[in-house]
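What's in data00.csv: CSV, C-alpha atoms
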chain,number,residue,atom,x,y,z
A,12,MET,CA,18.4,-6.6,4.2
A,13,VAL,CA,16.8,-3.9,2.1
A,14,ILE,CA,17.4,-3.9,-1.6
A,15,GLU,CA,16.8,-0.7,-3.7
A,16,TRP,CA,16.1,-0.4,-7.4
A,17,ASP,CA,14.6,2.1,-9.8
A,18,VAL,CA,11.2,1.5,-11.4
A,19,THR,CA,9.0,3.4,-13.8
A,20,ILE,CA,5.2,3.6,-14.1
A,21,PRO,CA,4.8,4.8,-17.7
A,22,LYS,CA,1.0,5.4,-17.5
A,23,LEU,CA,1.5,7.6,-14.4
A,24,SER,CA,4.9,9.3,-14.7
A,25,GLY,CA,6.3,8.4,-18.1
A,26,THR,CA,10.0,7.5,-18.1
A,27,LYS,CA,10.7,9.2,-14.7
A,28,THR,CA,12.1,6.7,-12.3
A,29,ARG,CA,11.3,6.2,-8.6
A,30,LYS,CA,12.8,4.1,-5.9
A,31,ALA,CA,11.4,0.7,-5.0
A,32,TYR,CA,12.5,-1.1,-1.8
A,33,ILE,CA,12.3,-4.8,-0.9
A,34,PHE,CA,13.0,-6.1,2.6
A,35,LEU,CA,14.2,-9.7,2.8
A,36,PRO,CA,14.4,-11.5,6.1
A,37,GLU,CA,17.9,-11.8,7.6
A,38,TYR,CA,17.7,-15.6,7.2
A,39,TYR,CA,16.4,-15.4,3.6
A,40,ASN,CA,19.7,-16.9,2.2
A,41,GLU,CA,20.0,-19.7,4.8
A,42,ASP,CA,17.3,-21.9,3.4
A,43,GLU,CA,17.0,-21.7,-0.4
A,44,LEU,CA,13.8,-23.7,-0.4
A,45,ARG,CA,11.8,-21.6,2.0
A,46,ARG,CA,9.2,-19.2,0.6
A,47,TYR,CA,7.6,-16.2,2.2
A,48,PRO,CA,4.4,-14.2,2.3
A,49,VAL,CA,4.6,-10.6,0.9
A,50,LEU,CA,3.4,-7.3,2.3
A,51,TYR,CA,3.1,-4.5,-0.3
A,52,MET,CA,3.2,-0.9,1.1
A,53,PHE,CA,2.6,2.5,-0.2
A,54,ASP,CA,4.9,5.6,0.3
A,55,GLY,CA,8.0,3.4,0.1
A,56,HIS,CA,10.3,6.4,0.9
A,57,ASN,CA,8.7,6.5,4.4
A,58,MET,CA,9.2,2.9,5.3
A,59,PHE,CA,12.9,2.3,6.0
A,60,TYR,CA,15.1,5.4,6.1
A,61,ASP,CA,14.7,8.6,8.0
A,62,ALA,CA,16.9,10.5,5.5
A,63,VAL,CA,14.5,10.1,2.6
A,64,SER,CA,11.2,10.1,4.5
A,65,ALA,CA,8.7,12.9,3.9
A,66,PHE,CA,8.8,14.2,7.5
A,67,GLY,CA,12.3,13.1,8.6
A,68,LYS,CA,11.0,10.1,10.5
A,69,SER,CA,10.4,6.8,8.8
A,70,TRP,CA,8.3,3.8,10.0
A,71,ASN,CA,11.7,2.1,10.7
A,72,MET,CA,10.3,-1.2,9.3
A,73,THR,CA,13.7,-2.8,9.2
A,74,SER,CA,14.1,-2.6,13.0
A,75,PHE,CA,10.6,-3.9,13.6
A,76,LEU,CA,11.0,-6.8,11.2
A,77,LEU,CA,14.4,-7.8,12.6
A,78,TRP,CA,13.2,-7.5,16.2
A,79,THR,CA,10.1,-9.5,15.6
A,80,ARG,CA,11.8,-11.9,13.2
A,81,LYS,CA,8.7,-11.8,11.0
A,82,PRO,CA,9.0,-14.4,8.2
A,83,LEU,CA,7.9,-11.7,5.7
A,84,ILE,CA,9.0,-10.0,2.5
A,85,VAL,CA,8.1,-6.3,2.3
A,86,VAL,CA,7.8,-4.4,-1.0
A,87,ALA,CA,7.4,-0.6,-1.0
A,88,VAL,CA,7.5,1.9,-3.8
A,89,GLU,CA,7.8,5.6,-3.3
A,90,CYS,CA,5.0,7.8,-4.6
A,91,ASN,CA,5.3,10.7,-7.1
A,92,LYS,CA,5.8,13.6,-4.6
A,93,ARG,CA,5.6,16.4,-7.1
A,94,GLY,CA,2.6,18.7,-6.6
A,95,ASN,CA,-0.7,16.9,-6.3
A,96,ASN,CA,0.6,13.7,-7.9
A,97,ARG,CA,0.4,11.7,-4.7
A,98,LEU,CA,-3.2,12.5,-4.3
A,99,LYS,CA,-3.9,11.5,-7.9
A,100,GLU,CA,-1.9,8.2,-7.8
A,101,TYR,CA,-3.4,7.2,-4.4
A,102,SER,CA,-7.1,8.1,-5.1
A,103,PRO,CA,-9.3,5.4,-6.6
A,104,THR,CA,-11.8,8.0,-7.7
A,105,SER,CA,-11.7,11.6,-8.8
A,106,PHE,CA,-12.8,14.3,-6.4
A,107,ALA,CA,-12.9,18.1,-5.9
A,108,ASP,CA,-11.5,19.8,-2.8
A,109,ALA,CA,-11.4,23.4,-1.7
A,110,LYS,CA,-7.7,23.2,-0.9
A,111,TYR,CA,-6.4,20.9,-3.6
A,112,GLY,CA,-8.8,21.7,-6.5
A,113,ASN,CA,-10.0,19.0,-8.9
A,114,ILE,CA,-8.1,15.8,-8.5
A,115,THR,CA,-8.2,13.1,-11.2
A,116,GLY,CA,-8.0,9.8,-9.4
A,117,LYS,CA,-5.5,7.4,-10.9
A,118,GLY,CA,-5.6,4.7,-8.2
A,119,ARG,CA,-6.9,2.1,-10.6
A,120,THR,CA,-4.0,2.7,-13.0
A,121,TYR,CA,-1.6,2.4,-10.1
A,122,MET,CA,-3.1,-0.8,-8.8
A,123,ASN,CA,-3.2,-2.4,-12.2
A,124,TRP,CA,0.5,-1.7,-12.5
A,125,LEU,CA,1.2,-3.1,-9.0
A,126,VAL,CA,-0.9,-6.3,-9.7
A,127,LYS,CA,0.1,-6.9,-13.3
A,128,GLU,CA,3.7,-5.8,-13.4
A,129,LEU,CA,5.2,-5.3,-10.0
A,130,LYS,CA,3.8,-8.4,-8.2
A,131,PRO,CA,4.7,-10.8,-11.1
A,132,TYR,CA,8.3,-9.3,-11.1
A,133,ILE,CA,8.6,-9.9,-7.3
A,134,ASP,CA,7.2,-13.4,-7.6
A,135,ALA,CA,9.5,-14.3,-10.4
A,136,ASN,CA,12.7,-13.0,-8.8
A,137,TYR,CA,12.2,-13.8,-5.1
A,138,ARG,CA,11.0,-16.8,-3.2
A,139,THR,CA,7.5,-15.7,-2.4
A,140,LEU,CA,4.2,-17.4,-1.6
A,141,PRO,CA,2.2,-15.8,-4.4
A,142,GLY,CA,-1.3,-16.8,-3.5
A,143,ARG,CA,-3.9,-14.3,-2.1
A,144,GLU,CA,-3.8,-16.0,1.3
A,145,HIS,CA,-0.1,-14.9,1.6
A,146,THR,CA,-0.4,-11.5,0.1
A,147,ALA,CA,-1.2,-8.3,2.1
A,148,ILE,CA,-1.2,-4.6,1.5
A,149,ALA,CA,-0.8,-1.6,3.9
A,150,GLY,CA,-0.5,2.2,4.0
A,151,SER,CA,-1.5,5.3,5.9
A,152,SER,CA,-3.5,8.4,4.9
A,153,MET,CA,-3.9,8.2,1.1
A,154,GLY,CA,-2.0,4.9,1.3
A,155,GLY,CA,-4.5,3.7,3.8
A,156,LEU,CA,-7.3,4.6,1.3
A,157,MET,CA,-5.6,2.7,-1.4
A,158,SER,CA,-5.1,-0.3,0.8
A,159,LEU,CA,-8.8,-0.4,1.5
A,160,TYR,CA,-9.5,0.0,-2.2
A,161,ALA,CA,-7.0,-2.8,-3.0
A,162,VAL,CA,-8.3,-5.4,-0.6
A,163,THR,CA,-11.9,-4.9,-1.7
A,164,CYS,CA,-11.6,-4.3,-5.4
A,165,TYR,CA,-8.6,-6.5,-6.0
A,166,ASN,CA,-9.7,-9.1,-3.5
A,167,LYS,CA,-8.6,-12.0,-5.7
A,168,VAL,CA,-5.0,-10.8,-5.1
A,169,PHE,CA,-5.0,-9.5,-1.5
A,170,SER,CA,-6.4,-11.3,1.5
A,171,LYS,CA,-5.3,-8.8,4.2
A,172,ALA,CA,-5.0,-5.0,4.5
A,173,ALA,CA,-3.9,-2.5,7.1
A,174,CYS,CA,-5.6,0.8,6.5
A,175,LEU,CA,-4.1,3.3,8.9
A,176,SER,CA,-6.0,6.6,9.0
A,177,PRO,CA,-7.4,6.1,5.5
A,178,SER,CA,-8.4,9.4,3.7
A,179,LEU,CA,-12.0,8.6,3.3
A,180,TRP,CA,-12.8,12.3,2.9
A,181,THR,CA,-11.8,12.3,-0.7
A,182,ASN,CA,-15.0,10.8,-2.1
A,183,PRO,CA,-16.8,8.8,0.6
A,184,GLU,CA,-20.0,8.2,-1.5
A,185,LYS,CA,-18.1,6.7,-4.4
A,186,LEU,CA,-15.9,4.6,-2.1
A,187,THR,CA,-18.9,3.2,-0.3
A,188,GLU,CA,-20.4,2.3,-3.7
A,189,LEU,CA,-17.2,0.6,-4.8
A,190,ILE,CA,-17.0,-1.4,-1.6
A,191,GLY,CA,-20.7,-2.3,-1.8
A,192,LYS,CA,-20.3,-3.8,-5.3
A,193,ALA,CA,-17.0,-5.6,-4.5
A,194,LYS,CA,-17.0,-9.4,-4.3
A,195,ILE,CA,-15.1,-10.0,-1.0
A,196,HIS,CA,-13.9,-13.4,-0.1
A,197,PRO,CA,-15.0,-14.3,3.5
A,198,GLU,CA,-11.5,-15.1,4.5
A,199,THR,CA,-10.4,-11.4,4.2
A,200,THR,CA,-9.0,-9.4,7.1
A,201,VAL,CA,-9.0,-5.6,7.2
A,202,TYR,CA,-7.5,-3.6,10.0
A,203,MET,CA,-8.4,0.1,10.2
A,204,ASP,CA,-7.8,2.7,12.8
A,205,TYR,CA,-8.0,6.4,13.5
A,206,GLY,CA,-6.8,8.6,16.4
A,207,SER,CA,-9.7,10.1,18.3
A,208,GLU,CA,-8.5,13.7,17.7
A,209,GLU,CA,-7.8,13.0,14.0
A,210,LEU,CA,-11.3,11.6,13.5
A,211,SER,CA,-13.0,14.5,15.1
A,212,ASN,CA,-11.1,16.8,12.8
A,213,HIS,CA,-12.6,15.1,9.8
A,214,PRO,CA,-16.3,14.6,10.4
A,215,VAL,CA,-16.9,13.4,6.9
A,216,GLN,CA,-14.7,10.4,7.6
A,217,LYS,CA,-16.8,9.6,10.7
A,218,GLU,CA,-19.9,9.6,8.5
A,219,ALA,CA,-18.2,7.5,5.8
A,220,LEU,CA,-17.2,4.9,8.4
A,221,MET,CA,-20.8,4.7,9.7
A,222,ASP,CA,-22.0,4.2,6.1
A,223,MET,CA,-19.5,1.4,5.4
A,224,SER,CA,-20.4,-0.4,8.6
A,225,ARG,CA,-24.0,-0.7,7.6
As structure tokens - that is how I would like this structure written.
Amino acid sequence: MVIEWDVTIPKLSGTKTRKAYIFLPEYYNEDELRRYPVLYMFDGHNMFYDAVSAFGKSWNMTSFLLWTRKPLIVVAVECNKRGNNRLKEYSPTSFADAKYGNITGKGRTYMNWLVKELKPYIDANYRTLPGREHTAIAGSSMGGLMSLYAVTCYNKVFSKAACLSPSLWTNPEKLTELIGKAKIHPETTVYMDYGSEELSNHPVQKEALMDMSR
């Protein structure tokens, strides 16, 4: 079951609303005492429905979760799709790019909203397991970058992250610095991947990955 509601992020987009989605396991209402781990995801419009996805094809998370019967709550909020706002919201640092110009990174503002407002709301209204060991985050591209940022710089909240094709090209030096200074709990799991062709198209990402692995 997927529930939709409107949310606002005043410090990012004022009073303009955006859709938030929460997936509840099909057996959620069968046992009113059972609690569930939570996965937070970026680009919520791409997670469940083809009709509202950016490229006409969603991740189809509902089918996957029902098929695997994962005992998991998934929370996903759509980004601000106007102009370069997605780049701004999903970048932890500011950067300059020949194609996009100067981008003021507002990733910290977004994560503070997610951690201090969205997560408490979810924990208060649904039967979650709120501890870090039961809280994960995931996304792709700029969402993958934010997932990496979240699991390192907000490590007290998230113990796991799936960083799919993270956009390390935005500001690899600053990102490496942020990760280097982060206090990361030893029981932290990070999954990261790239397609071979994709990685070769972004040599700066290959260099950033090498730097982060040192």
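Counting from atom CA of Thr181 of chain A, the distance to atom CA of Asp108 of chain A is 7.8 Å.
Atom CA of His196 of chain A to atom CA of Lys167 of chain A spans 7.8 Å [interatomic distance, one decimal].
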Near Arg29 of chain A, counting all atoms listed in the file, which residues have an atom at most 12 Å away, once you skip same-chain residues fewer than 5 positions from it, shown as a PDB file with C-alpha atoms, keeping the file's coordinate frame?
ATOM      1  CA  GLU A  15      16.800  -0.700  -3.700  1.00  0.00           C
ATOM      2  CA  TRP A  16      16.100  -0.400  -7.400  1.00  0.00           C
ATOM      3  CA  ASP A  17      14.600   2.100  -9.800  1.00  0.00           C
ATOM      4  CA  VAL A  18      11.200   1.500 -11.400  1.00  0.00           C
ATOM      5  CA  THR A  19       9.000   3.400 -13.800  1.00  0.00           C
ATOM      6  CA  ILE A  20       5.200   3.600 -14.100  1.00  0.00           C
ATOM      7  CA  PRO A  21       4.800   4.800 -17.700  1.00  0.00           C
ATOM      8  CA  LEU A  23       1.500   7.600 -14.400  1.00  0.00           C
ATOM      9  CA  SER A  24       4.900   9.300 -14.700  1.00  0.00           C
ATOM     10  CA  ASP A  54       4.900   5.600   0.300  1.00  0.00           C
ATOM     11  CA  GLY A  55       8.000   3.400   0.100  1.00  0.00           C
ATOM     12  CA  HIS A  56      10.300   6.400   0.900  1.00  0.00           C
ATOM     13  CA  ALA A  87       7.400  -0.600  -1.000  1.00  0.00           C
ATOM     14  CA  VAL A  88       7.500   1.900  -3.800  1.00  0.00           C
ATOM     15  CA  GLU A  89       7.800   5.600  -3.300  1.00  0.00           C
ATOM     16  CA  CYS A  90       5.000   7.800  -4.600  1.00  0.00           C
ATOM     17  CA  ASN A  91       5.300  10.700  -7.100  1.00  0.00           C
ATOM     18  CA  LYS A  92       5.800  13.600  -4.600  1.00  0.00           C
ATOM     19  CA  ARG A  93       5.600  16.400  -7.100  1.00  0.00           C
TER      20      ARG A  93
END
Atom pair atom CA of Tyr51 of chain A / atom CA of Val85 of chain A: separation (Å):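 The value is 5.9 Å.
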Polymer residues at most 12 Å from (-20.0, 1.4, -4.0) by all atoms listed in the file, as a ChimeraX atom specification: /A:103-104,160,163-164,182-194,219,222-223
Proximity to Phe34 of chain A - best of A:Tyr101, A:Tyr111, A:Tyr121, A:Tyr137, all atoms listed in the file: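 Going through A:Tyr101, A:Tyr111, A:Tyr121, A:Tyr137 one by one, the smallest distance to Phe34 of chain A is for A:Tyr137.
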Distance query Val13 of chain A at most 9 Å, only C-alpha atoms, self and fewer than 4 positions along chain excluded, as a list in words: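 Near Val13 of chain A, the qualifying residues are Tyr32, Ile33, Phe34, Leu35, Pro36, Phe59 and Thr73 of chain A.
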Among listed residues A:Ala173, A:Glu37, A:Lys110, A:Ala31, nearest Trp78 of chain A (using only C-alpha atoms): A:Glu37
Residue nearest Leu83 of chain A - candidates A:Gly112, A:Gly118, A:Pro48, A:Gly206, atoms counted: all atoms listed in the file: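 Distance minimum relative to Leu83 of chain A lands on A:Pro48.
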From A:Met72, A:Gly25, A:Ile14, A:Arg80, residue lying nearest Tyr38 of chain A [all atoms listed in the file]: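 Smallest separation from Tyr38 of chain A among the options: A:Arg80.
Excluding Trp124 of chain A itself and same-chain residues fewer than 5 positions from it, the residues having an atom within 9 Å of it are Ile20, Lys22, Arg119, Leu129 and Lys130 of chain A, counting only C-alpha atoms.
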Nearest candidate to Met122 of chain A (options A:Ser176, A:Leu77, A:Glu144, A:Met52; using all atoms listed in the file):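 When distances to Met122 of chain A are compared using all atoms listed in the file, the smallest one comes from A:Met52.
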Which of A:Tyr60, A:Phe53, A:Phe66, A:Phe106 sits closest to Leu156 of chain A [using all atoms listed in the file]: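 Using all atoms listed in the file, Leu156 of chain A sits closest to A:Phe53.
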